[in-house]
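J.: File follows, entry_23.tsv with TSV, C-alpha atoms and all ligand atoms:
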chain	number	residue	atom	x	y	z
U	1	MET	CA	49.42	-38.85	54.05
U	2	GLY	CA	47.76	-38.45	57.44
U	3	ALA	CA	44.20	-37.27	58.01
U	4	GLY	CA	45.24	-33.77	59.12
U	5	SER	CA	46.99	-33.26	55.80
U	6	ARG	CA	43.55	-32.77	54.29
U	7	TRP	CA	44.39	-29.15	55.07
U	8	LEU	CA	46.65	-29.21	52.02
U	9	THR	CA	43.74	-29.00	49.61
U	10	ALA	CA	40.79	-28.20	51.88
U	11	GLY	CA	38.36	-25.83	50.19
U	12	ALA	CA	39.76	-26.38	46.71
U	13	ALA	CA	36.94	-25.23	44.46
U	14	ILE	CA	38.52	-25.34	41.04
U	15	PRO	CA	40.65	-28.43	40.51
U	16	ALA	CA	44.08	-27.70	39.12
U	17	ASP	CA	45.01	-29.28	35.77
U	18	GLU	CA	46.20	-32.69	36.79
U	19	VAL	CA	49.46	-33.94	35.37
U	20	THR	CA	48.80	-37.66	35.18
U	21	THR	CA	51.77	-39.01	33.30
U	22	VAL	CA	55.18	-37.68	34.11
U	23	GLU	CA	58.23	-38.08	31.91
U	24	ALA	CA	61.49	-39.03	33.61
U	25	ASP	CA	63.18	-35.82	32.40
U	26	LEU	CA	60.54	-33.60	33.95
U	27	ALA	CA	60.52	-35.52	37.23
U	28	LEU	CA	64.30	-35.43	37.54
U	29	ASP	CA	64.52	-31.73	36.63
U	30	LEU	CA	61.97	-30.94	39.32
U	31	HIS	CA	63.71	-33.22	41.79
U	32	ARG	CA	67.03	-31.53	41.16
U	33	GLY	CA	65.34	-28.18	41.78
U	34	LEU	CA	63.88	-29.34	45.09
U	35	LEU	CA	67.16	-30.84	46.26
U	36	LEU	CA	69.06	-27.68	45.41
U	37	VAL	CA	66.74	-25.39	47.37
U	38	ARG	CA	66.70	-27.86	50.30
U	39	ALA	CA	70.49	-28.27	50.48
U	40	PHE	CA	71.03	-24.55	50.00
U	41	GLU	CA	68.61	-23.60	52.77
U	42	GLN	CA	70.06	-26.23	55.10
U	43	ALA	CA	73.44	-24.62	54.50
U	44	THR	CA	72.04	-21.13	55.14
U	45	ALA	CA	70.58	-22.36	58.46
U	46	VAL	CA	74.02	-23.56	59.54
U	47	ALA	CA	75.70	-20.35	58.32
U	48	TYR	CA	73.09	-18.23	60.09
U	49	GLY	CA	73.70	-20.10	63.33
U	50	ARG	CA	77.43	-19.41	62.94
U	51	GLY	CA	76.83	-15.70	62.41
U	52	GLN	CA	78.09	-15.82	58.80
U	53	ILE	CA	74.76	-14.55	57.48
U	54	HIS	CA	73.79	-11.21	58.95
U	55	GLY	CA	70.41	-9.66	59.60
U	56	THR	CA	67.27	-11.58	58.87
U	57	HIS	CA	67.17	-14.72	56.81
U	58	ARG	CA	63.76	-16.23	56.16
U	59	SER	CA	64.19	-19.79	55.03
U	60	SER	CA	62.12	-21.54	52.36
U	61	LEU	CA	62.64	-25.04	53.81
U	62	GLY	CA	59.53	-27.18	53.38
U	63	GLN	CA	58.05	-24.96	50.69
U	64	GLU	CA	60.55	-25.79	47.94
U	65	ALA	CA	57.89	-27.27	45.64
U	66	VAL	CA	56.20	-23.90	45.19
U	67	PRO	CA	58.98	-21.88	43.50
U	68	VAL	CA	60.40	-24.96	41.79
U	69	GLY	CA	57.04	-26.03	40.32
U	70	VAL	CA	55.99	-22.51	39.32
U	71	CYS	CA	59.31	-21.42	37.80
U	72	HIS	CA	59.57	-24.63	35.78
U	73	ALA	CA	56.49	-23.44	33.87
U	74	LEU	CA	58.20	-20.15	32.91
U	75	ASP	CA	60.79	-19.26	30.31
U	76	GLU	CA	63.27	-16.46	29.77
U	77	ARG	CA	60.68	-13.86	28.65
U	78	ASP	CA	58.94	-14.07	32.03
U	79	LEU	CA	59.55	-11.97	35.15
U	80	VAL	CA	59.47	-12.90	38.82
U	81	ALA	CA	58.99	-10.69	41.87
U	82	PRO	CA	60.15	-12.82	44.83
U	83	GLY	CA	58.58	-12.95	48.26
U	84	LEU	CA	60.16	-12.55	51.68
U	85	ARG	CA	61.52	-16.11	51.51
U	86	GLY	CA	63.11	-15.41	48.16
U	87	VAL	CA	66.07	-17.80	48.08
U	88	GLY	CA	63.97	-20.61	46.60
U	89	ASP	CA	62.52	-18.20	44.03
U	90	LEU	CA	66.01	-17.16	42.92
U	91	LEU	CA	67.38	-20.69	42.71
U	92	ALA	CA	64.29	-21.95	40.89
U	93	ARG	CA	64.88	-19.26	38.27
U	94	GLY	CA	68.35	-20.67	37.67
U	95	GLY	CA	70.22	-18.22	39.90
U	96	ASP	CA	73.89	-19.00	40.53
U	97	PRO	CA	74.26	-20.67	43.98
U	98	GLU	CA	77.74	-19.22	44.54
U	99	LEU	CA	76.68	-15.64	43.85
U	100	LEU	CA	73.55	-16.10	45.90
U	101	MET	CA	75.38	-17.54	48.91
U	102	ALA	CA	78.01	-14.79	48.71
U	103	GLU	CA	75.18	-12.26	48.70
U	104	LEU	CA	73.69	-13.73	51.86
U	105	PHE	CA	77.16	-13.58	53.44
U	106	GLY	CA	77.24	-9.85	52.52
U	107	LYS	CA	80.28	-10.25	50.25
U	108	ALA	CA	81.45	-7.95	47.44
U	109	THR	CA	81.09	-10.62	44.75
U	110	GLY	CA	77.59	-11.52	45.87
U	111	LEU	CA	74.68	-11.30	43.46
U	112	CYS	CA	73.93	-7.69	44.45
U	113	GLY	CA	77.35	-6.65	45.71
U	114	GLY	CA	76.56	-7.84	49.22
U	115	ARG	CA	74.01	-5.10	49.76
U	116	ALA	CA	70.72	-6.90	49.33
U	117	GLY	CA	70.94	-9.66	51.91
U	118	ALA	CA	68.05	-12.11	51.96
U	119	LEU	CA	65.26	-9.57	51.73
U	120	HIS	CA	66.19	-7.52	48.67
U	121	LEU	CA	67.54	-10.14	46.31
U	122	SER	CA	67.37	-9.46	42.60
U	123	ASP	CA	68.87	-11.02	39.50
U	124	PRO	CA	67.97	-9.15	36.33
U	125	SER	CA	69.87	-11.74	34.24
U	126	ARG	CA	67.20	-14.26	35.29
U	127	GLY	CA	64.24	-11.92	35.06
U	128	VAL	CA	64.08	-11.63	38.82
U	129	ILE	CA	63.28	-8.10	39.90
U	130	GLY	CA	64.02	-7.07	43.46
U	131	GLY	CA	62.62	-8.77	46.48
U	132	PHE	CA	61.10	-6.39	49.02
U	133	ALA	CA	61.28	-6.49	52.79
U	134	VAL	CA	57.89	-4.82	52.95
U	135	MET	CA	55.26	-7.55	52.84
U	136	THR	CA	53.08	-7.44	49.70
U	137	ALA	CA	55.12	-4.60	48.15
U	138	ASN	CA	56.05	-6.93	45.30
U	139	VAL	CA	52.41	-7.32	44.23
U	140	PRO	CA	51.69	-3.77	42.98
U	141	ILE	CA	55.19	-3.71	41.48
U	142	ALA	CA	54.36	-6.90	39.60
U	143	ILE	CA	51.17	-5.22	38.37
U	144	GLY	CA	53.27	-2.36	37.01
U	145	LEU	CA	55.60	-4.84	35.33
U	146	ALA	CA	52.66	-6.65	33.75
U	147	LEU	CA	51.36	-3.35	32.37
U	148	ALA	CA	54.84	-2.61	31.01
U	149	VAL	CA	55.06	-6.05	29.40
U	150	ARG	CA	51.72	-5.48	27.71
U	151	ALA	CA	52.63	-1.93	26.62
U	152	ALA	CA	55.77	-3.33	25.00
U	153	GLY	CA	53.65	-5.84	23.06
U	154	ASP	CA	55.47	-8.80	24.64
U	155	ASP	CA	53.82	-12.03	25.71
U	156	GLY	CA	55.80	-12.44	28.93
U	157	VAL	CA	54.09	-13.37	32.17
U	158	VAL	CA	54.82	-11.82	35.56
U	159	VAL	CA	54.82	-13.96	38.70
U	160	CYS	CA	54.80	-12.66	42.26
U	161	PHE	CA	55.16	-14.81	45.37
U	162	ILE	CA	53.47	-13.82	48.63
U	163	GLY	CA	52.88	-15.42	52.04
U	164	ASP	CA	49.48	-16.14	53.58
U	165	ARG	CA	49.53	-12.99	55.69
U	166	ALA	CA	50.00	-10.78	52.62
U	167	THR	CA	46.38	-11.07	51.52
U	168	ASN	CA	45.39	-8.93	54.52
U	169	GLN	CA	47.29	-5.93	53.22
U	170	GLY	CA	45.01	-3.40	51.50
U	171	VAL	CA	47.36	-3.13	48.54
U	172	PHE	CA	46.78	-6.80	47.76
U	173	HIS	CA	43.14	-6.04	46.99
U	174	GLU	CA	43.90	-2.88	45.01
U	175	SER	CA	46.35	-4.91	42.96
U	176	MET	CA	44.04	-7.86	42.36
U	177	ASN	CA	41.30	-5.47	41.27
U	178	ALA	CA	43.66	-3.83	38.76
U	179	ALA	CA	44.91	-7.21	37.53
U	180	ALA	CA	41.39	-8.49	36.93
U	181	LEU	CA	40.06	-5.24	35.47
U	182	HIS	CA	42.88	-4.99	32.93
U	183	ARG	CA	43.20	-8.77	32.41
U	184	LEU	CA	46.90	-8.53	33.13
U	185	PRO	CA	49.31	-11.40	32.40
U	186	ILE	CA	50.11	-11.96	36.03
U	187	ILE	CA	50.18	-15.00	38.31
U	188	CYS	CA	50.07	-14.31	42.01
U	189	VAL	CA	51.34	-17.29	43.98
U	190	GLY	CA	50.23	-17.49	47.60
U	191	VAL	CA	52.48	-19.64	49.75
U	192	ASN	CA	50.16	-20.76	52.52
U	193	ASN	CA	52.37	-22.31	55.18
U	194	ALA	CA	49.88	-21.81	58.01
U	195	PRO	CA	48.30	-25.10	59.13
U	196	ASP	CA	46.69	-25.24	62.58
U	197	ASP	CA	49.87	-26.31	64.38
U	198	ALA	CA	52.02	-23.60	62.80
U	199	ALA	CA	53.16	-20.72	64.99
U	200	THR	CA	50.38	-18.68	63.37
U	201	SER	CA	47.54	-20.51	61.65
U	202	LEU	CA	45.50	-19.07	58.80
U	203	GLY	CA	42.36	-18.77	60.90
U	204	GLU	CA	44.15	-16.53	63.40
U	205	HIS	CA	44.69	-13.73	60.93
U	206	THR	CA	42.21	-14.24	58.11
U	207	ALA	CA	38.42	-14.46	58.31
U	208	ALA	CA	38.09	-16.00	54.84
U	209	ALA	CA	38.63	-19.75	54.59
U	210	SER	CA	41.46	-19.41	52.10
U	211	MET	CA	43.74	-16.99	50.27
U	212	ALA	CA	42.22	-18.17	46.99
U	213	ALA	CA	38.76	-17.01	48.12
U	214	LEU	CA	40.13	-13.50	48.62
U	215	ALA	CA	41.52	-13.37	45.08
U	216	ALA	CA	38.38	-14.96	43.64
U	217	VAL	CA	36.16	-12.09	44.85
U	218	HIS	CA	38.02	-9.91	42.37
U	219	GLY	CA	37.05	-12.23	39.53
U	220	ILE	CA	40.46	-13.92	39.31
U	221	ALA	CA	40.80	-17.59	38.37
U	222	SER	CA	41.90	-18.97	41.76
U	223	GLU	CA	42.92	-22.43	42.86
U	224	ILE	CA	44.04	-24.18	46.02
U	225	ILE	CA	46.88	-26.56	45.23
U	226	ASP	CA	48.73	-29.11	47.32
U	227	GLY	CA	51.97	-27.18	47.49
U	228	THR	CA	53.92	-30.21	48.69
U	229	ASP	CA	53.31	-31.90	45.32
U	230	VAL	CA	55.70	-30.23	42.90
U	231	ILE	CA	54.08	-31.89	39.91
U	232	ALA	CA	50.66	-30.50	40.87
U	233	VAL	CA	52.19	-27.04	41.34
U	234	TYR	CA	53.88	-27.27	37.96
U	235	GLY	CA	50.62	-28.37	36.29
U	236	ALA	CA	48.64	-25.51	37.79
U	237	ALA	CA	51.34	-22.96	36.93
U	238	ALA	CA	51.60	-24.22	33.34
U	239	ALA	CA	47.82	-23.78	32.92
U	240	ALA	CA	48.00	-20.27	34.43
U	241	VAL	CA	50.89	-19.33	32.12
U	242	ARG	CA	48.87	-20.54	29.13
U	243	ARG	CA	45.89	-18.44	30.22
U	244	ALA	CA	48.05	-15.36	30.69
U	245	ARG	CA	49.79	-15.71	27.31
U	246	ASP	CA	46.43	-16.26	25.60
U	247	GLY	CA	45.14	-12.95	26.97
U	248	GLU	CA	42.80	-14.59	29.47
U	249	GLY	CA	44.18	-12.57	32.35
U	250	PRO	CA	45.46	-13.20	35.85
U	251	SER	CA	45.48	-16.29	38.07
U	252	PHE	CA	45.93	-16.83	41.76
U	253	LEU	CA	47.52	-20.07	42.95
U	254	GLU	CA	47.25	-20.78	46.67
U	255	CYS	CA	49.88	-23.41	47.35
U	256	ARG	CA	49.49	-25.06	50.75
U	257	CYS	CA	52.56	-26.48	52.42
U	258	PHE	CA	54.15	-27.05	55.80
U	259	PRO	CA	56.80	-24.70	57.24
U	260	ILE	CA	59.26	-27.54	57.93
U	261	GLY	CA	62.17	-25.23	58.71
U	262	GLU	CA	60.10	-23.05	61.00
U	263	PRO	CA	59.09	-23.54	64.61
U	264	SER	CA	55.75	-25.18	65.33
U	265	ARG	CA	53.26	-23.59	67.68
U	266	ALA	CA	54.66	-25.59	70.62
U	267	GLN	CA	58.24	-24.50	69.92
U	268	THR	CA	57.24	-20.89	69.53
U	269	GLU	CA	55.54	-21.01	72.90
U	270	ALA	CA	58.73	-22.41	74.44
U	271	TRP	CA	60.79	-19.66	72.83
U	272	THR	CA	58.38	-16.99	73.97
U	273	ALA	CA	58.75	-18.29	77.52
U	274	ALA	CA	62.54	-18.10	77.10
U	275	MET	CA	62.20	-14.54	75.87
U	276	ARG	CA	60.16	-13.59	78.93
U	277	ARG	CA	62.87	-15.09	81.13
U	278	THR	CA	65.67	-13.16	79.45
U	279	GLY	CA	63.49	-10.11	79.39
U	280	HIS	CA	64.02	-8.75	75.90
U	281	PHE	CA	63.77	-9.62	72.23
U	282	GLU	CA	67.46	-10.47	71.92
U	283	GLY	CA	66.80	-13.44	74.18
U	284	LEU	CA	64.33	-14.91	71.72
U	285	LEU	CA	66.63	-14.37	68.78
U	286	ALA	CA	69.59	-15.91	70.56
U	287	VAL	CA	67.63	-19.01	71.49
U	288	LYS	CA	66.18	-19.27	68.01
U	289	LYS	CA	69.54	-18.93	66.29
U	290	ARG	CA	71.10	-21.54	68.50
U	291	GLU	CA	68.23	-23.95	67.95
U	292	ILE	CA	68.25	-23.52	64.18
U	293	GLY	CA	72.03	-23.68	64.04
U	294	ARG	CA	71.95	-27.02	65.81
U	295	SER	CA	69.10	-28.19	63.56
U	296	GLU	CA	67.07	-29.06	66.61
U	297	LEU	CA	63.76	-28.12	65.12
U	298	THR	CA	61.50	-31.12	65.41
U	299	PRO	CA	58.55	-30.57	63.09
U	300	PRO	CA	55.28	-32.36	63.84
U	301	PRO	CA	55.18	-35.72	61.95
U	302	GLU	CA	52.40	-34.35	59.82
U	303	TRP	CA	54.72	-31.72	58.36
U	304	LEU	CA	57.40	-34.26	57.53
U	305	ASP	CA	54.76	-36.41	55.89
U	306	GLY	CA	54.21	-33.47	53.56
U	307	ASP	CA	57.89	-33.16	52.68
U	308	PRO	CA	57.93	-32.36	48.95
U	309	ILE	CA	61.20	-34.21	48.40
U	310	THR	CA	60.04	-37.47	49.96
U	311	ARG	CA	56.79	-37.23	48.02
U	312	LEU	CA	58.49	-36.80	44.65
U	313	GLU	CA	61.08	-39.47	45.40
U	314	ARG	CA	58.28	-41.90	46.16
U	315	ARG	CA	56.62	-41.09	42.85
U	316	ILE	CA	59.84	-41.35	40.85
U	317	LEU	CA	60.70	-44.73	42.33
U	318	GLY	CA	57.09	-45.98	42.21
U	319	ASP	CA	56.71	-45.05	38.52
U	320	GLY	CA	60.15	-46.45	37.68
U	321	LEU	CA	61.36	-43.07	36.37
U	322	ALA	CA	64.79	-43.42	37.96
U	323	SER	CA	66.68	-45.80	40.20
U	324	ASP	CA	67.83	-45.41	43.78
U	325	VAL	CA	71.37	-45.01	42.53
U	326	GLN	CA	70.42	-42.21	40.12
U	327	LEU	CA	68.65	-40.36	42.92
U	328	ARG	CA	71.65	-40.79	45.19
U	329	ASP	CA	73.98	-39.44	42.48
U	330	LEU	CA	71.70	-36.46	41.91
U	331	ARG	CA	71.70	-35.67	45.62
U	332	ALA	CA	75.50	-35.95	45.80
U	333	HIS	CA	75.85	-33.66	42.78
U	334	VAL	CA	73.58	-31.02	44.34
U	335	ASP	CA	75.27	-31.28	47.75
U	336	ALA	CA	78.63	-30.67	46.07
U	337	LEU	CA	77.24	-27.58	44.32
U	338	VAL	CA	76.07	-26.15	47.64
U	339	GLU	CA	79.30	-27.03	49.39
U	340	SER	CA	81.25	-25.12	46.78
U	341	ALA	CA	78.79	-22.20	47.07
U	342	VAL	CA	79.54	-21.99	50.80
U	343	ALA	CA	83.30	-22.21	50.18
U	344	TYR	CA	83.00	-19.45	47.56
U	345	ALA	CA	81.05	-17.25	49.98
U	346	VAL	CA	83.52	-17.80	52.83
U	347	ASP	CA	86.49	-16.85	50.63
U	348	ALA	CA	84.78	-13.92	48.86
U	349	PRO	CA	86.04	-10.41	49.67
U	350	GLU	CA	84.21	-7.98	51.92
U	351	PRO	CA	82.55	-5.05	50.07
U	352	THR	CA	84.45	-1.81	49.71
U	353	LEU	CA	81.68	0.30	48.14
U	354	PRO	CA	80.97	3.60	49.87
U	355	VAL	CA	77.69	3.68	51.75
U	356	GLY	CA	76.09	5.93	49.11
U	357	GLY	CA	77.35	3.85	46.16
U	358	GLY	CA	75.22	1.59	44.01
U	359	VAL	CA	72.05	3.52	44.77
U	360	PHE	CA	71.41	5.36	41.51
U	361	ALA	CA	70.94	3.80	38.08
U	362	SER	CA	74.24	5.31	36.92
U	363	ASP	CA	76.06	3.23	39.57
U	364	VAL	CA	74.28	-0.01	38.87
U	365	GLU	CA	76.82	-1.33	36.38
U	366	GLU	CA	79.45	-1.15	39.11
U	367	VAL	CA	77.35	-3.19	41.49
U	368	TRP	CA	76.11	-5.89	39.18
U	401	LIG	C1	54.22	-4.18	55.74
U	401	LIG	C2	54.94	-5.13	56.67
U	401	LIG	N1	54.45	-5.39	57.88
U	401	LIG	C3	55.10	-6.25	58.71
U	401	LIG	C4	56.26	-6.84	58.32
U	401	LIG	C5	57.01	-7.76	59.26
U	401	LIG	N2	56.88	-9.14	58.78
U	401	LIG	C6	57.88	-9.76	58.15
U	401	LIG	S1	57.42	-11.30	57.69
U	401	LIG	C7	55.91	-11.14	58.38
U	401	LIG	C8	54.93	-12.25	58.34
U	401	LIG	C9	54.79	-12.83	57.00
U	401	LIG	O1	53.90	-13.90	57.05
U	401	LIG	P1	53.50	-14.65	55.74
U	401	LIG	O2	52.99	-13.64	54.75
U	401	LIG	O3	52.58	-15.75	56.08
U	401	LIG	O4	54.88	-15.18	55.18
U	401	LIG	P2	55.80	-16.35	55.80
U	401	LIG	O5	56.67	-15.72	56.81
U	401	LIG	O6	54.93	-17.40	56.37
U	401	LIG	O7	56.58	-16.82	54.62
U	401	LIG	C10	55.74	-9.91	58.96
U	401	LIG	C11	54.51	-9.47	59.65
U	401	LIG	C12	56.75	-6.54	57.03
U	401	LIG	N3	57.86	-7.10	56.54
U	401	LIG	N4	56.07	-5.68	56.22
U	402	MG	MG	52.95	-17.77	56.23
Take the structure in the file and write it out as structure tokens.
T.:
Amino acid sequence: MGAGSRWLTAGAAIPADEVTTVEADLALDLHRGLLLVRAFEQATAVAYGRGQIHGTHRSSLGQEAVPVGVCHALDERDLVAPGLRGVGDLLARGGDPELLMAELFGKATGLCGGRAGALHLSDPSRGVIGGFAVMTANVPIAIGLALAVRAAGDDGVVVCFIGDRATNQGVFHESMNAAALHRLPIICVGVNNAPDDAATSLGEHTAAASMAALAAVHGIASEIIDGTDVIAVYGAAAAAVRRARDGEGPSFLECRCFPIGEPSRAQTEAWTAAMRRTGHFEGLLAVKKREIGRSELTPPPEWLDGDPITRLERRILGDGLASDVQLRDLRAHVDALVESAVAYAVDAPEPTLPVGGGVFASDVEEVW
């Protein structure tokens, strides 16, 4: 990878457990996970551009290796509190692509009855508690879950995903303090998608050199991981899960990646200029939707170099773990899954629930 990609692991103090030999089964499982999130998010970008997905949809393109690597280290006793880009988190937990797509389309047979949209996704059947539109809100909730898991005498682990800007919320520090103090079985995963040429770089909003440093001050085992290397993410998550189950307390994994589906700094500046011309926020959104819908985002070469899918493919082929043909078949299989998820969502009925329905616990059975 290019010189600038040193950002991916810059400042890594504690090396993650390195997975040196990879079995074909593991590599292909992870690859399937990456391909599914990628194809699904490409489809959501198209649907968003067509106005089929309403409200806000924050895509996880480019950061697929983080949820896929982390969730592969979990099992059914574990719980996940997704971040604001939660689609990858849901899919990596084995969520049903049809139900998920129908949810994003706001349909009655969607995962949450069409009421959650992208920002409040939950799937109790997969141990995924609600996503929260309020940045960092999932962290103290994950702390509460971890306390509940311990009180119940279970050995489950709780994972929460946050973005790089979440560590500047006060509640992040209150939560990390509580996690460390009570040695809670929690793994906080920081998705750092803020290299220098991103619309907002880490240094613009955070004085510390890394997210991991901010967790480390609370006495939490913290690592910086190349979040474009799904095998490295999986290795670090597996070690953190082991620590949590053994009663050794919380971990913080800062996974660095590139926001491939997001505008670069240069594009954002162009859009901002367009917004000034049209005079109000709607102008920016309209331009952005059109651009994303036409897939005209042109990420800096550096970001594409850190494409998790290309990286894993290279490793699979280089280590002789699968052939070109097998990879092509896998891709075709995943593409077909996503195609049928879109068809399902298009055909699904509109919700008929009353506005006040599905709010209280007594209604929940009807919704899910
Ligand atoms: C408490 C709060 N403040 C502001 C927002 C608006 N908001 C939505 S996403 C976002 C930025 C998130 O950045 P980051 O944590 O890096 O996540 P990324 O978008 O890069 O995944 C902000 C400020 C919010 N959702 N919640
Ligand atoms: Mg970010």
J.: What do you get as a PyMOL selection string if you pick all residues at most 9 Å from ligand LIG 401 (chain U), counting all atoms listed in the file?
T.: chain U and resi 58-60+83-85+132-137+162-169+190-194+200-202+259+262
J.: Using C-alpha atoms, can you export the residues from the last selection as an mmCIF file, in the frame of the given file?
T.:
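Listing of selection.cif after writing:
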data_model
loop_
_atom_site.group_PDB
_atom_site.id
_atom_site.type_symbol
_atom_site.label_atom_id
_atom_site.label_comp_id
_atom_site.auth_asym_id
_atom_site.auth_seq_id
_atom_site.Cartn_x
_atom_site.Cartn_y
_atom_site.Cartn_z
ATOM 1 C CA ARG U 58 63.760 -16.230 56.160
ATOM 2 C CA SER U 59 64.190 -19.790 55.030
ATOM 3 C CA SER U 60 62.120 -21.540 52.360
ATOM 4 C CA GLY U 83 58.580 -12.950 48.260
ATOM 5 C CA LEU U 84 60.160 -12.550 51.680
ATOM 6 C CA ARG U 85 61.520 -16.110 51.510
ATOM 7 C CA PHE U 132 61.100 -6.390 49.020
ATOM 8 C CA ALA U 133 61.280 -6.490 52.790
ATOM 9 C CA VAL U 134 57.890 -4.820 52.950
ATOM 10 C CA MET U 135 55.260 -7.550 52.840
ATOM 11 C CA THR U 136 53.080 -7.440 49.700
ATOM 12 C CA ALA U 137 55.120 -4.600 48.150
ATOM 13 C CA ILE U 162 53.470 -13.820 48.630
ATOM 14 C CA GLY U 163 52.880 -15.420 52.040
ATOM 15 C CA ASP U 164 49.480 -16.140 53.580
ATOM 16 C CA ARG U 165 49.530 -12.990 55.690
ATOM 17 C CA ALA U 166 50.000 -10.780 52.620
ATOM 18 C CA THR U 167 46.380 -11.070 51.520
ATOM 19 C CA ASN U 168 45.390 -8.930 54.520
ATOM 20 C CA GLN U 169 47.290 -5.930 53.220
ATOM 21 C CA GLY U 190 50.230 -17.490 47.600
ATOM 22 C CA VAL U 191 52.480 -19.640 49.750
ATOM 23 C CA ASN U 192 50.160 -20.760 52.520
ATOM 24 C CA ASN U 193 52.370 -22.310 55.180
ATOM 25 C CA ALA U 194 49.880 -21.810 58.010
ATOM 26 C CA THR U 200 50.380 -18.680 63.370
ATOM 27 C CA SER U 201 47.540 -20.510 61.650
ATOM 28 C CA LEU U 202 45.500 -19.070 58.800
ATOM 29 C CA PRO U 259 56.800 -24.700 57.240
ATOM 30 C CA GLU U 262 60.100 -23.050 61.000
#
J.: Given the choices U:Ser323, U:Thr206, U:Asn138, U:Thr352, which gets closest to ligand MG 402 (chain U) if the distance is worked out from all atoms listed in the file?
T.: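 Ranked by minimum distance to ligand MG 402 (chain U), first place goes to U:Thr206.
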J.: For ligand MG 402 (chain U), which of U:Asp246, U:Glu254, U:Glu98, U:Asp155 is the closest residue, counting only C-alpha atoms and all ligand atoms?
T.: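 Smallest distance to ligand MG 402 (chain U) is found for U:Glu254.
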J.: For a quick check of understanding, using only C-alpha atoms, which of U:Val342, U:Leu145, U:Ala198, U:Ile186 has the smallest distance to Cys257 of chain U?
T.: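 Using only C-alpha atoms, Cys257 of chain U sits closest to U:Ala198.
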J.: For segment 212-221 of chain U, please output as a list in words all residues within 7 Å (counting only C-alpha atoms; exclusion window: fewer than 5 positions along the same chain).
T.: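 Counting only C-alpha atoms, the residues come to Met176, Asn177, Ala180, Pro250, Ser251, Phe252, Leu253 and Glu254 of chain U.
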J.: Between U:Ala239, U:Cys255, U:Cys188, U:Ala341, which residue has the minimum interatomic distance to ligand MG 402 (chain U), considering all atoms listed in the file?
T.: U:Cys255
J.: Have a look at U:Ala199, U:Ala232, U:Val80, U:Ala148 and name the one nearest to ligand MG 402 (chain U); count all atoms listed in the file.
T.: U:Ala199
J.: Which is closer to Asp197 of chain U than all the others in U:Arg77, U:Lys107, U:Arg315, U:Arg265, using only C-alpha atoms?
T.: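 Result for the nearest residue to Asp197 of chain U: U:Arg265.
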J.: Using all atoms listed in the file, which protein or nucleic acid residues come within 8 Å of His31 of chain U? Drop anything in the same chain fewer than 2 positions from it, and give the result as a PyMOL selection string.
T.: chain U and resi 27-29+33-35+309+312-313
J.: Within 10 Å of (81.8, -1.9, 52.1), in the coordinates the file gives, what residues turn up when you count all atoms listed in the file, written out as a VMD selection string?
T.: chain U and resid 106 to 108 113 to 115 349 to 355 357
J.: For Val159 of chain U, find every residue with an atom within 9 Å (counting only C-alpha atoms), except residues of its own chain fewer than 3 positions away, and show them as a list in words.
T.: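 So, after excluding close chain neighbours, the residues are Val70, Cys71, Asp78, Leu79, Val80, Ala81, Pro82, Val139, Ala142, Pro185, Ile186, Ile187, Cys188 and Val189 of chain U.
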J.: In Å, rounded to a single decimal, give me how far atom CA of Asp305 of chain U is from atom CA of Gly318 of chain U.
T.: 16.9 Å
J.: Please define a box with edges along x, y and z of the file around all atoms of segment 184-193 of chain U given in the file, extend it by 8 Å on each side, and return its centre and edge lengths in Å to one decimal, as JSON.
T.:
{"center_x": 49.7, "center_y": -15.4, "center_z": 43.8, "size_x": 21.6, "size_y": 29.8, "size_z": 38.8}
J.: What does the distance from atom CA of Glu103 of chain U to atom CA of Ala65 of chain U come to in Å, to one decimal?
T.: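 These atoms are spaced 23.1 Å apart.
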J.: So the first atom is atom CA of Ile225 of chain U and the second is atom CA of Ala10 of chain U; what is the distance between them in Å, to one decimal place?
T.: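 Rounded to one decimal, the two atoms are 9.2 Å apart.
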J.: Do you know which residues are at most 12 Å from Leu337 of chain U counting only C-alpha atoms, after dropping those on the same chain fewer than 5 positions away, and could you put them as a PyMOL selection string?
T.: chain U and resi 32+35-37+39-40+43+96-99+101+330-332+342-344
